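Note: the block below is start-v1.pdb and it holds PDB, C-alpha atoms.
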MODEL        1
ATOM      1  CA  MET T1005     118.227  24.048 103.240
ATOM      2  CA  LYS T1006     119.582  27.217 101.657
ATOM      3  CA  HIS T1007     122.098  25.175  99.669
ATOM      4  CA  LEU T1008     119.370  22.877  98.399
ATOM      5  CA  ALA T1009     117.182  25.853  97.470
ATOM      6  CA  ALA T1010     120.015  27.400  95.461
ATOM      7  CA  TYR T1011     120.693  24.023  93.805
ATOM      8  CA  LEU T1012     117.022  23.697  92.831
ATOM      9  CA  LEU T1013     116.900  27.258  91.500
ATOM     10  CA  LEU T1014     119.875  26.512  89.294
ATOM     11  CA  GLY T1015     118.141  23.350  88.097
ATOM     12  CA  LEU T1016     115.031  25.324  87.202
ATOM     13  CA  ALA T1017     117.209  27.751  85.269
ATOM     14  CA  GLY T1018     118.511  24.893  83.117
ATOM     15  CA  ASN T1019     121.727  23.947  84.934
ATOM     16  CA  ASN T1020     121.122  20.222  85.525
ATOM     17  CA  SER T1021     124.383  19.625  87.395
ATOM     18  CA  PRO T1022     125.326  22.774  89.327
ATOM     19  CA  SER T1023     128.821  22.982  90.753
ATOM     20  CA  ALA T1024     129.811  24.276  94.177
ATOM     21  CA  SER T1025     130.841  27.593  92.667
ATOM     22  CA  ASP T1026     127.440  27.910  90.949
ATOM     23  CA  VAL T1027     125.604  27.390  94.240
ATOM     24  CA  LYS T1028     127.962  29.781  96.051
ATOM     25  CA  GLU T1029     127.355  32.420  93.391
ATOM     26  CA  VAL T1030     123.572  32.177  93.865
ATOM     27  CA  LEU T1031     123.895  32.385  97.646
ATOM     28  CA  ASP T1032     126.355  35.293  97.444
ATOM     29  CA  SER T1033     123.944  37.197  95.206
ATOM     30  CA  VAL T1034     121.473  37.393  98.095
ATOM     31  CA  GLY T1035     124.061  37.977 100.823
ATOM     32  CA  ILE T1036     124.254  34.450 102.233
ATOM     33  CA  GLU T1037     127.590  32.819 103.010
ATOM     34  CA  ALA T1038     127.831  29.195 101.880
ATOM     35  CA  ASP T1039     128.946  26.483 104.291
ATOM     36  CA  ASN T1040     131.534  24.492 102.310
ATOM     37  CA  ASP T1041     131.108  21.242 104.281
ATOM     38  CA  ARG T1042     127.338  21.148 103.872
ATOM     39  CA  LEU T1043     127.566  22.187 100.245
ATOM     40  CA  GLU T1044     130.047  19.440  99.405
ATOM     41  CA  LYS T1045     127.896  16.861 101.208
ATOM     42  CA  LEU T1046     124.810  17.998  99.301
ATOM     43  CA  LEU T1047     126.590  17.852  95.969
ATOM     44  CA  SER T1048     127.995  14.389  96.696
ATOM     45  CA  GLU T1049     124.512  13.127  97.668
ATOM     46  CA  LEU T1050     122.918  14.548  94.512
ATOM     47  CA  SER T1051     125.728  13.634  92.128
ATOM     48  CA  GLY T1052     124.419  11.726  89.111
ATOM     49  CA  LYS T1053     120.784  11.824  90.249
ATOM     50  CA  ASP T1054     117.830  13.418  88.499
ATOM     51  CA  ILE T1055     116.294  16.063  90.747
ATOM     52  CA  ASN T1056     112.776  15.527  89.352
ATOM     53  CA  GLU T1057     112.911  11.820  90.197
ATOM     54  CA  LEU T1058     114.129  12.596  93.726
ATOM     55  CA  ILE T1059     111.292  15.066  94.243
ATOM     56  CA  SER T1060     108.647  12.597  93.046
ATOM     57  CA  GLU T1061     110.116   9.828  95.258
ATOM     58  CA  GLY T1062     110.107  12.172  98.236
ATOM     59  CA  ALA T1063     106.529  13.221  97.586
ATOM     60  CA  SER T1064     105.357   9.607  97.497
ATOM     61  CA  LYS T1065     107.191   8.913 100.773
ATOM     62  CA  LEU T1066     105.602  11.953 102.416
ATOM     63  CA  ALA T1067     102.156  10.839 101.267
ATOM     64  CA  SER T1068     102.491   7.659 103.330
ATOM     65  CA  VAL T1069     103.457   9.511 106.530
ATOM     66  CA  PRO T1070     100.500   9.968 108.880
ATOM     67  CA  SER T1071      99.905  13.532 109.977
ATOM     68  CA  GLY T1072      97.425  14.920 112.460
ATOM     69  CA  GLY T1073      94.164  13.263 113.361
ATOM     70  CA  ALA T1074      95.382  11.446 116.466
ATOM     71  CA  GLY T1075      96.045  14.525 118.584
ATOM     72  CA  GLY T1076      92.531  14.873 120.004
ATOM     73  CA  ALA T1077      92.067  11.331 121.290
ATOM     74  CA  PRO T1078      94.112  11.595 124.510
ATOM     75  CA  ALA T1079      92.482  14.878 125.487
ATOM     76  CA  ALA T1080      88.996  13.459 125.082
ATOM     77  CA  GLY T1081      89.878  10.411 127.171
ATOM     78  CA  GLY T1082      91.293  12.595 129.916
ATOM     79  CA  ALA T1083      88.175  14.767 130.038
ATOM     80  CA  ALA T1084      85.909  11.732 130.345
ATOM     81  CA  ALA T1085      87.970  10.402 133.224
ATOM     82  CA  GLY T1086      87.685  13.700 135.091
ATOM     83  CA  GLY T1087      83.905  13.437 135.255
ATOM     84  CA  ALA T1088      81.890  15.882 137.354
ATOM     85  CA  ALA T1089      84.924  17.611 138.863
ATOM     86  CA  ALA T1090      86.005  18.833 135.438
ATOM     87  CA  ALA T1091      82.491  20.046 134.637
ATOM     88  CA  GLU T1092      82.271  22.014 137.900
ATOM     89  CA  GLU T1093      85.664  23.557 137.248
ATOM     90  CA  ALA T1094      84.598  24.597 133.747
ATOM     91  CA  LYS T1095      81.428  26.252 135.109
ATOM     92  CA  ALA T1096      83.461  28.169 137.684
ATOM     93  CA  GLU T1097      85.830  29.400 134.967
ATOM     94  CA  GLU T1098      82.878  30.447 132.802
ATOM     95  CA  LYS T1099      81.369  32.545 135.597
ATOM     96  CA  GLU T1100      84.730  34.151 136.292
ATOM     97  CA  GLU T1101      85.188  34.996 132.606
ATOM     98  CA  GLU T1102      81.710  36.531 132.401
ATOM     99  CA  LYS T1103      82.504  38.752 135.383
ATOM    100  CA  GLU T1104      85.793  39.854 133.790
ATOM    101  CA  GLU T1105      84.088  40.617 130.497
ATOM    102  CA  SER T1106      81.498  42.835 132.142
ATOM    103  CA  ASP T1107      84.283  44.829 133.788
ATOM    104  CA  GLU T1108      86.066  45.323 130.496
ATOM    105  CA  ASP T1109      83.223  47.048 128.659
ATOM    106  CA  MET T1110      83.053  49.884 131.244
ATOM    107  CA  GLY T1111      79.280  50.064 131.160
ATOM    108  CA  PHE T1112      78.734  50.233 127.414
ATOM    109  CA  GLY T1113      79.195  47.860 124.516
ATOM    110  CA  LEU T1114      80.296  48.345 120.958
ATOM    111  CA  PHE T1115      76.933  47.322 119.500
ATOM    112  CA  ASP T1116      74.571  48.725 122.203
TER     113      ASP T1116
ENDMDL
END
Encoded form (structure tokens):
Amino acid sequence: MKHLAAYLLLGLAGNNSPSASDVKEVLDSVGIEADNDRLEKLLSELSGKDINELISEGASKLASVPSGGAGGAPAAGGAAAGGAAAAEEAKAEEKEEEKEESDEDMGFGLFD
């Protein structure tokens, strides 16, 4: 990721085809050692391609990826299956929490 970030920074600065030494120079300027294997792989993958086109293609691919929304469904189904036992357990926890809270305030509250 650091190699790609340096590559993109060089692109923003006007260098449309940064070399390995250019990327290494950027990374060295902030005290990061470049990994030659990863850098060479990155440069070979990006060789001859327009970075702006790659970014727009990637953004359109990410837009089609579903994210979130489905996480709550299994939990709701599990709670419904538990029925009255889950409700009783929740009430017991509530009472226990209330007792703990009253012990914490040591007889006076912040807004009393």
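Nearest residue to Glu1029 in chain T, choosing from T:Leu1046, T:Met1005, T:Ala1067, T:Ala1010 and counting only C-alpha atoms: T:Ala1010.
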Between CA of Asn1019 in chain T and CA of Ser1048 in chain T - distance in Å to one decimal: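 Between CA of Ser1048 in chain T and CA of Asn1019 in chain T the gap is 16.4 Å.
Ranking T:Ile1055, T:Lys1028, T:Ser1060, T:Lys1065 by their shortest atom-to-atom distance to Arg1042 in chain T, with all atoms listed in the file included, puts T:Lys1028 first.
Take CA of Gly1035 in chain T and CA of Glu1049 in chain T: the distance between them is 25.1 Å.
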Could you please give me, as number ranges by chain, the residues of protein, DNA or RNA lying at most 7 Å from (121.2, 24.6, 91.2) in the coordinate frame of the file, considering all atoms listed in the file? T: 1010-1015, 1019, 1022, 1027
Restricting the calculation to only C-alpha atoms, which member of T:Glu1044, T:Glu1061, T:Asp1039, T:Asp1054 is positioned closest to Ser1023 in chain T? T:Glu1044
Could you tell me how far CA of Ser1025 in chain T lies from CA of Ala1009 in chain T, in Å and to one decimal?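 Separating CA of Ser1025 in chain T from CA of Ala1009 in chain T is a distance of 14.6 Å.
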